[in-house]
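A.B. asks: Below is a structure I'd like to ask you about.
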Number of protein chains: 2
Amino acid sequence: MANDDDGRSAGEAARGRDGDRRARLVDAAVDHVAAHGIADLSLRRLGAAIGVSHRMLIHYFGSKEQLLAEIVRESERRQRDLLTRLRLEPGRSPVDVARLLWRQLTDPATAGQERLFFEINVDALRGGPEAVRVLEGLMTDWLEPLVAAETAGGADPAAARRRARLGLATVRGLLLDLLTTGDRAGVDAAMEEFLRLYYGTE
Amino acid sequence: MANDDDGRSAGEAARGRDGDRRARLVDAAVDHVAAHGIADLSLRRLGAAIGVSHRMLIHYFGSKEQLLAEIVRESERRQRDLLTRLRLEPGRSPVDVARLLWRQLTDPATAGQERLFFEINVDALRGGPEAVRVLEGLMTDWLEPLVAAETAGGADPAAARRRARLGLATVRGLLLDLLTTGDRAGVDAAMEEFLRLYYGTE
DNA sequence: TGCGTCATGTACCAATTGGTACGCTCGTGT
DNA sequence: ACACGAGCGTACCAATTGGTACATGACGCA
């Protein structure tokens, strides 16, 4: 017999002391992936980087695919957190919220995370049907609160959807620009231009 | 001795009858890559797909890296062509040009090409310093004519740069939205909203 | 006809990949 | 004290990778 096998089925239950270990591994993995990309990731290199043998990664996550899924999940969670942390603030004007969000997204500290977002997105585009869930989450998680904000700001639902979609797309486009050019000043200026058009500030 | 080696140095000169073959191979390669992505590309699979042995790919291009470089170059060229083909038209209003460009970019026939653009972009983000050239081309090739158009439309240079940058980012963001959601109607509506804000049409 | 050059396929190579087998080392319950 | 099970590392595996060696043609030129 002498079998290894975790009978743990990864995702659920069993938060019994090694849940910590798992969680810490995922965290470290996301950090590493944000820094080095997801494309040429190998279990061995990842393991070496975060201080475990690749054997342990398979032990805890079952397979590379499952580990990747968990990395994506955790990364999505971090992005969502970024958003929800903003909407909590009361009584801000929409422009200020937008500016705040923008500043947070363009914080150099989270640059890796943003790059990872695009990487996951592009990656999922090529992936099979199981990637659809990821893609949907990537869009709706952001679209929903934005639509809500627009509706609250007093726009009919159709217009709110249009505006939310436009805003999200523009932010992402500018974010990609910033990542590729690194020209913060230029991109910030473009963002200000957008805010002027979008909120009609003069 | 009995050596194989092409002394051709790939890129230049030697358009001597096999330039055709090379060019056709690059073309087929770009098509294949647009359809299947660049991430899990292998010389063997690519070769099988376009009807040559992976040996031939190396023979004609020297290495996978050089082949990839050429694919990227050709892909960029196609994108640029897409743009220049539009600016030739005389006497169109900016809104119409924009709408035309948008329709061309969102043509399902070029969807693979657009996806490839994002893939190359994301890929280059993680790449070494040789990728900088690619990234710069990816931005300036588009930004320049847009800035020119804005300036011609009567805006001071600073504003023209801001507006061009904003327009490009928004188009790309919406394009990414379209690729991930496939919701053409919704994205088109957002685009119309943008054109209204951007050109002040009522 | 014979020779050389180029295009191409087949067979191979070392390196790297995800995943597995197995054995060592502890901490803990009895 | 001792057995046992979980956590872990080492050594391994087959598959796939980019790249190379070599043989085999086809074609042109003498």
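Following the order of the structure tokens, first chain is A, next is B, and so on, with residues numbered from 1 inside each chain and ligands from 1 in the order they appear.
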Would you kindly report the residues of chain B within 9 Å of chain C, using only C-alpha atoms (C1' of nucleotides), as a PyMOL selection string?
C.D. replies: chain B and resi 53+55-56
A.B. asks: What's around Leu146 in chain A at 9 Å? Count only C-alpha atoms (C1' of nucleotides), leave out sequence neighbours fewer than 5 positions away in its own chain, and write the answer as a ChimeraX atom specification.
C.D. replies: /A:151,160-161,163-165,167-168
A.B. asks: Would you mind exporting C-alpha atoms of the selected residues as a compact mmCIF listing (two decimals), in the first residue's frame?
C.D. replies:
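As written to disk, out.txt reads:
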```txt
# COMPACT_ATOMS: atom_id res chain seq x y z
CA THR A 151 -28.02 53.74 -12.34
CA ALA A 160 -26.16 52.95 -17.65
CA ARG A 161 -25.04 49.73 -19.29
CA ARG A 163 -21.72 54.02 -20.03
CA ALA A 164 -20.44 51.39 -17.64
CA ARG A 165 -19.15 49.28 -20.47
CA GLY A 167 -15.87 53.32 -18.81
CA LEU A 168 -14.53 49.87 -18.06
```
A.B. asks: So, counting only C-alpha atoms (C1' of nucleotides), which residue among B:Arg172, B:Arg78, B:Arg85, B:Arg45 is closest to chain D?
C.D. replies: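 Among the listed residues, B:Arg45 lies closest to chain D.
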A.B. asks: Sorted by chain and rising residue number, which residues of chain B lie within 8 Å of chain D, and what are their closest atom pairs and distances in Å to one decimal, counting only C-alpha atoms (C1' of nucleotides), as JSON lines?
C.D. replies:
```
{"residue": "B:Ser42", "atom": "CA", "partner": "D:DT17", "partner_atom": "C1'", "distance": 7.6}
{"residue": "B:Leu43", "atom": "CA", "partner": "D:DG18", "partner_atom": "C1'", "distance": 7.9}
{"residue": "B:Ser63", "atom": "CA", "partner": "D:DG18", "partner_atom": "C1'", "distance": 8.0}
{"residue": "B:Lys64", "atom": "CA", "partner": "D:DG18", "partner_atom": "C1'", "distance": 7.4}
```
A.B. asks: Each residue of chain B lying at most 9 Å from chain A should get a row with its shortest atom-to-atom pair and the distance in Å to one decimal, counting only C-alpha atoms; could you produce that, ordered by chain and increasing number, as a Markdown table?
C.D. replies:
```
| residue | atom | partner | partner_atom | distance |
| --- | --- | --- | --- | --- |
| B:Ala35 | CA | A:Arg126 | CA | 8.9 |
| B:His36 | CA | A:Arg126 | CA | 7.1 |
| B:Gly37 | CA | A:Arg126 | CA | 6.4 |
| B:Ala39 | CA | A:Ala39 | CA | 7.0 |
| B:Asp40 | CA | A:Ala39 | CA | 8.9 |
| B:Arg115 | CA | A:Val122 | CA | 7.7 |
| B:Phe118 | CA | A:Val122 | CA | 6.8 |
| B:Glu119 | CA | A:Val122 | CA | 6.0 |
| B:Asn121 | CA | A:Thr180 | CA | 7.8 |
| B:Val122 | CA | A:Glu119 | CA | 6.0 |
| B:Asp123 | CA | A:Glu119 | CA | 8.0 |
| B:Ala124 | CA | A:Thr180 | CA | 8.4 |
| B:Leu125 | CA | A:Thr180 | CA | 6.5 |
| B:Arg126 | CA | A:Gly37 | CA | 6.4 |
| B:Val132 | CA | A:Thr180 | CA | 8.5 |
| B:Leu135 | CA | A:Thr180 | CA | 6.2 |
| B:Glu136 | CA | A:Thr181 | CA | 7.1 |
| B:Leu138 | CA | A:Thr180 | CA | 8.9 |
| B:Met139 | CA | A:Asp177 | CA | 7.8 |
| B:Ala159 | CA | A:Glu193 | CA | 8.6 |
| B:Arg161 | CA | A:Ala190 | CA | 8.1 |
| B:Arg162 | CA | A:Ala190 | CA | 4.6 |
| B:Arg163 | CA | A:Ala190 | CA | 6.5 |
| B:Ala164 | CA | A:Ala190 | CA | 8.3 |
| B:Arg165 | CA | A:Ala190 | CA | 6.1 |
| B:Leu166 | CA | A:Ala190 | CA | 5.1 |
| B:Gly167 | CA | A:Thr170 | CA | 8.5 |
| B:Leu168 | CA | A:Gly173 | CA | 7.7 |
| B:Ala169 | CA | A:Gly173 | CA | 4.1 |
| B:Thr170 | CA | A:Thr170 | CA | 4.2 |
| B:Val171 | CA | A:Gly173 | CA | 7.5 |
| B:Arg172 | CA | A:Gly173 | CA | 5.6 |
| B:Gly173 | CA | A:Ala169 | CA | 4.1 |
| B:Leu174 | CA | A:Ala169 | CA | 5.1 |
| B:Leu175 | CA | A:Ala169 | CA | 8.3 |
| B:Leu176 | CA | A:Ala169 | CA | 7.8 |
| B:Asp177 | CA | A:Ala169 | CA | 6.8 |
| B:Leu179 | CA | A:Leu125 | CA | 7.5 |
| B:Thr180 | CA | A:Leu135 | CA | 6.2 |
| B:Thr181 | CA | A:Glu136 | CA | 7.1 |
| B:Gly186 | CA | A:Arg162 | CA | 7.1 |
| B:Val187 | CA | A:Arg165 | CA | 7.4 |
| B:Ala189 | CA | A:Arg162 | CA | 6.1 |
| B:Ala190 | CA | A:Arg162 | CA | 4.6 |
| B:Met191 | CA | A:Leu166 | CA | 7.0 |
| B:Glu192 | CA | A:Arg162 | CA | 8.8 |
| B:Glu193 | CA | A:Arg162 | CA | 6.8 |
| B:Phe194 | CA | A:Leu166 | CA | 6.8 |
| B:Leu197 | CA | A:Leu197 | CA | 5.8 |
| B:Tyr198 | CA | A:Leu197 | CA | 7.0 |
```
A.B. asks: Store the residues of this selection in a file with N, CA and C atoms, as a tab-separated table (two decimals), in the first residue's frame.
C.D. replies:
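And here's again-v9.tsv as it stands now:
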```
chain	number	residue	atom	x	y	z
B	35	ALA	N	-5.21	31.81	-35.50
B	35	ALA	CA	-6.30	30.90	-35.18
B	35	ALA	C	-6.06	30.14	-33.90
B	36	HIS	N	-4.79	29.80	-33.61
B	36	HIS	CA	-4.54	28.89	-32.49
B	36	HIS	C	-3.72	29.50	-31.37
B	37	GLY	N	-3.35	30.74	-31.50
B	37	GLY	CA	-2.60	31.35	-30.42
B	37	GLY	C	-1.12	31.10	-30.53
B	39	ALA	N	0.87	30.91	-27.71
B	39	ALA	CA	1.39	30.45	-26.42
B	39	ALA	C	1.91	29.01	-26.49
B	40	ASP	N	1.11	28.12	-26.98
B	40	ASP	CA	1.54	26.72	-27.00
B	40	ASP	C	1.95	26.30	-28.41
B	115	ARG	N	-7.07	39.13	-31.72
B	115	ARG	CA	-6.69	38.33	-30.56
B	115	ARG	C	-5.17	38.18	-30.51
B	118	PHE	N	-3.43	41.20	-29.05
B	118	PHE	CA	-3.38	41.24	-27.58
B	118	PHE	C	-2.39	40.21	-27.04
B	119	GLU	N	-2.38	39.07	-27.68
B	119	GLU	CA	-1.46	38.04	-27.22
B	119	GLU	C	-0.01	38.50	-27.35
B	121	ASN	N	1.04	41.54	-27.48
B	121	ASN	CA	1.24	42.62	-26.53
B	121	ASN	C	1.54	42.07	-25.14
B	122	VAL	N	0.67	41.22	-24.66
B	122	VAL	CA	0.86	40.65	-23.33
B	122	VAL	C	2.17	39.89	-23.25
B	123	ASP	N	2.45	39.16	-24.32
B	123	ASP	CA	3.67	38.38	-24.37
B	123	ASP	C	4.89	39.27	-24.25
B	124	ALA	N	4.86	40.37	-25.00
B	124	ALA	CA	6.00	41.27	-25.00
B	124	ALA	C	6.19	41.92	-23.64
B	125	LEU	N	5.08	42.07	-22.91
B	125	LEU	CA	5.18	42.69	-21.59
B	125	LEU	C	6.11	41.90	-20.68
B	126	ARG	N	6.09	40.60	-20.82
B	126	ARG	CA	6.90	39.75	-19.97
B	126	ARG	C	8.31	39.56	-20.53
B	132	VAL	N	10.96	45.45	-26.38
B	132	VAL	CA	10.61	46.87	-26.30
B	132	VAL	C	10.29	47.42	-27.68
B	135	LEU	N	6.85	46.51	-28.57
B	135	LEU	CA	5.86	47.28	-27.81
B	135	LEU	C	5.74	48.70	-28.36
B	136	GLU	N	6.88	49.32	-28.60
B	136	GLU	CA	6.84	50.67	-29.13
B	136	GLU	C	6.10	50.74	-30.45
B	138	LEU	N	3.89	48.74	-31.54
B	138	LEU	CA	2.48	48.48	-31.28
B	138	LEU	C	1.73	49.75	-30.91
B	139	MET	N	2.39	50.63	-30.18
B	139	MET	CA	1.71	51.86	-29.77
B	139	MET	C	1.88	52.97	-30.81
B	159	ALA	N	-3.49	68.66	-26.70
B	159	ALA	CA	-4.83	68.10	-26.67
B	159	ALA	C	-4.95	66.96	-27.67
B	161	ARG	N	-2.65	64.90	-28.64
B	161	ARG	CA	-2.03	63.70	-28.07
B	161	ARG	C	-2.95	63.04	-27.05
B	162	ARG	N	-3.50	63.85	-26.17
B	162	ARG	CA	-4.41	63.31	-25.16
B	162	ARG	C	-5.56	62.57	-25.82
B	163	ARG	N	-6.19	63.26	-26.78
B	163	ARG	CA	-7.37	62.68	-27.40
B	163	ARG	C	-7.04	61.42	-28.20
B	164	ALA	N	-5.93	61.46	-28.91
B	164	ALA	CA	-5.54	60.28	-29.69
B	164	ALA	C	-5.31	59.09	-28.76
B	165	ARG	N	-4.59	59.36	-27.71
B	165	ARG	CA	-4.29	58.30	-26.76
B	165	ARG	C	-5.55	57.71	-26.15
B	166	LEU	N	-6.45	58.61	-25.81
B	166	LEU	CA	-7.72	58.17	-25.24
B	166	LEU	C	-8.51	57.34	-26.24
B	167	GLY	N	-8.57	57.83	-27.46
B	167	GLY	CA	-9.33	57.11	-28.48
B	167	GLY	C	-8.77	55.71	-28.71
B	168	LEU	N	-7.47	55.64	-28.85
B	168	LEU	CA	-6.84	54.35	-29.09
B	168	LEU	C	-7.12	53.39	-27.94
B	169	ALA	N	-6.95	53.88	-26.72
B	169	ALA	CA	-7.16	53.03	-25.55
B	169	ALA	C	-8.60	52.53	-25.50
B	170	THR	N	-9.53	53.42	-25.76
B	170	THR	CA	-10.93	53.02	-25.68
B	170	THR	C	-11.27	51.97	-26.72
B	171	VAL	N	-10.80	52.21	-27.94
B	171	VAL	CA	-11.05	51.23	-28.99
B	171	VAL	C	-10.50	49.87	-28.58
B	172	ARG	N	-9.29	49.89	-28.06
B	172	ARG	CA	-8.68	48.61	-27.68
B	172	ARG	C	-9.42	47.96	-26.53
B	173	GLY	N	-9.81	48.76	-25.56
B	173	GLY	CA	-10.56	48.21	-24.44
B	173	GLY	C	-11.86	47.58	-24.89
B	174	LEU	N	-12.56	48.28	-25.76
B	174	LEU	CA	-13.82	47.74	-26.26
B	174	LEU	C	-13.58	46.50	-27.11
B	175	LEU	N	-12.47	46.51	-27.84
B	175	LEU	CA	-12.13	45.35	-28.65
B	175	LEU	C	-11.89	44.13	-27.76
B	176	LEU	N	-11.18	44.35	-26.68
B	176	LEU	CA	-10.94	43.25	-25.75
B	176	LEU	C	-12.25	42.76	-25.15
B	177	ASP	N	-13.11	43.70	-24.83
B	177	ASP	CA	-14.44	43.34	-24.33
B	177	ASP	C	-15.15	42.46	-25.34
B	179	LEU	N	-13.93	40.63	-27.69
B	179	LEU	CA	-13.30	39.32	-27.82
B	179	LEU	C	-13.69	38.40	-26.67
B	180	THR	N	-13.77	38.95	-25.48
B	180	THR	CA	-14.05	38.08	-24.34
B	180	THR	C	-15.53	37.77	-24.20
B	181	THR	N	-16.38	38.76	-24.45
B	181	THR	CA	-17.81	38.51	-24.27
B	181	THR	C	-18.50	38.09	-25.56
B	186	GLY	N	-23.84	44.93	-27.51
B	186	GLY	CA	-23.52	45.73	-26.34
B	186	GLY	C	-22.27	46.58	-26.55
B	187	VAL	N	-21.25	45.98	-27.13
B	187	VAL	CA	-20.01	46.71	-27.34
B	187	VAL	C	-20.20	47.82	-28.37
B	189	ALA	N	-22.89	49.44	-28.91
B	189	ALA	CA	-23.61	50.52	-28.24
B	189	ALA	C	-22.65	51.38	-27.43
B	190	ALA	N	-21.75	50.72	-26.71
B	190	ALA	CA	-20.77	51.47	-25.92
B	190	ALA	C	-19.90	52.32	-26.83
B	191	MET	N	-19.56	51.77	-27.99
B	191	MET	CA	-18.73	52.50	-28.93
B	191	MET	C	-19.48	53.74	-29.42
B	192	GLU	N	-20.74	53.58	-29.72
B	192	GLU	CA	-21.52	54.74	-30.17
B	192	GLU	C	-21.55	55.81	-29.07
B	193	GLU	N	-21.75	55.35	-27.87
B	193	GLU	CA	-21.73	56.28	-26.74
B	193	GLU	C	-20.43	57.06	-26.72
B	194	PHE	N	-19.35	56.34	-26.94
B	194	PHE	CA	-18.04	57.00	-26.93
B	194	PHE	C	-17.94	58.03	-28.05
B	197	LEU	N	-19.63	61.17	-27.08
B	197	LEU	CA	-18.85	61.99	-26.16
B	197	LEU	C	-17.64	62.61	-26.85
B	198	TYR	N	-17.01	61.80	-27.68
B	198	TYR	CA	-15.71	62.18	-28.23
B	198	TYR	C	-15.85	63.26	-29.29
```
A.B. asks: As an exercise, work out the distance from CA of Leu57 in chain B to CA of Glu130 in chain B in Å and give it to one decimal place.
C.D. replies: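 Calculated distance between CA of Leu57 in chain B and CA of Glu130 in chain B is 22.0 Å.
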A.B. asks: What residues in range 53-158 of chain B get the DSSP label helix (DSSP H, G or I)? Please answer as a ChimeraX atom specification.
C.D. replies: /B:54-61,64-87,94-105,108-126,131-152,157-158
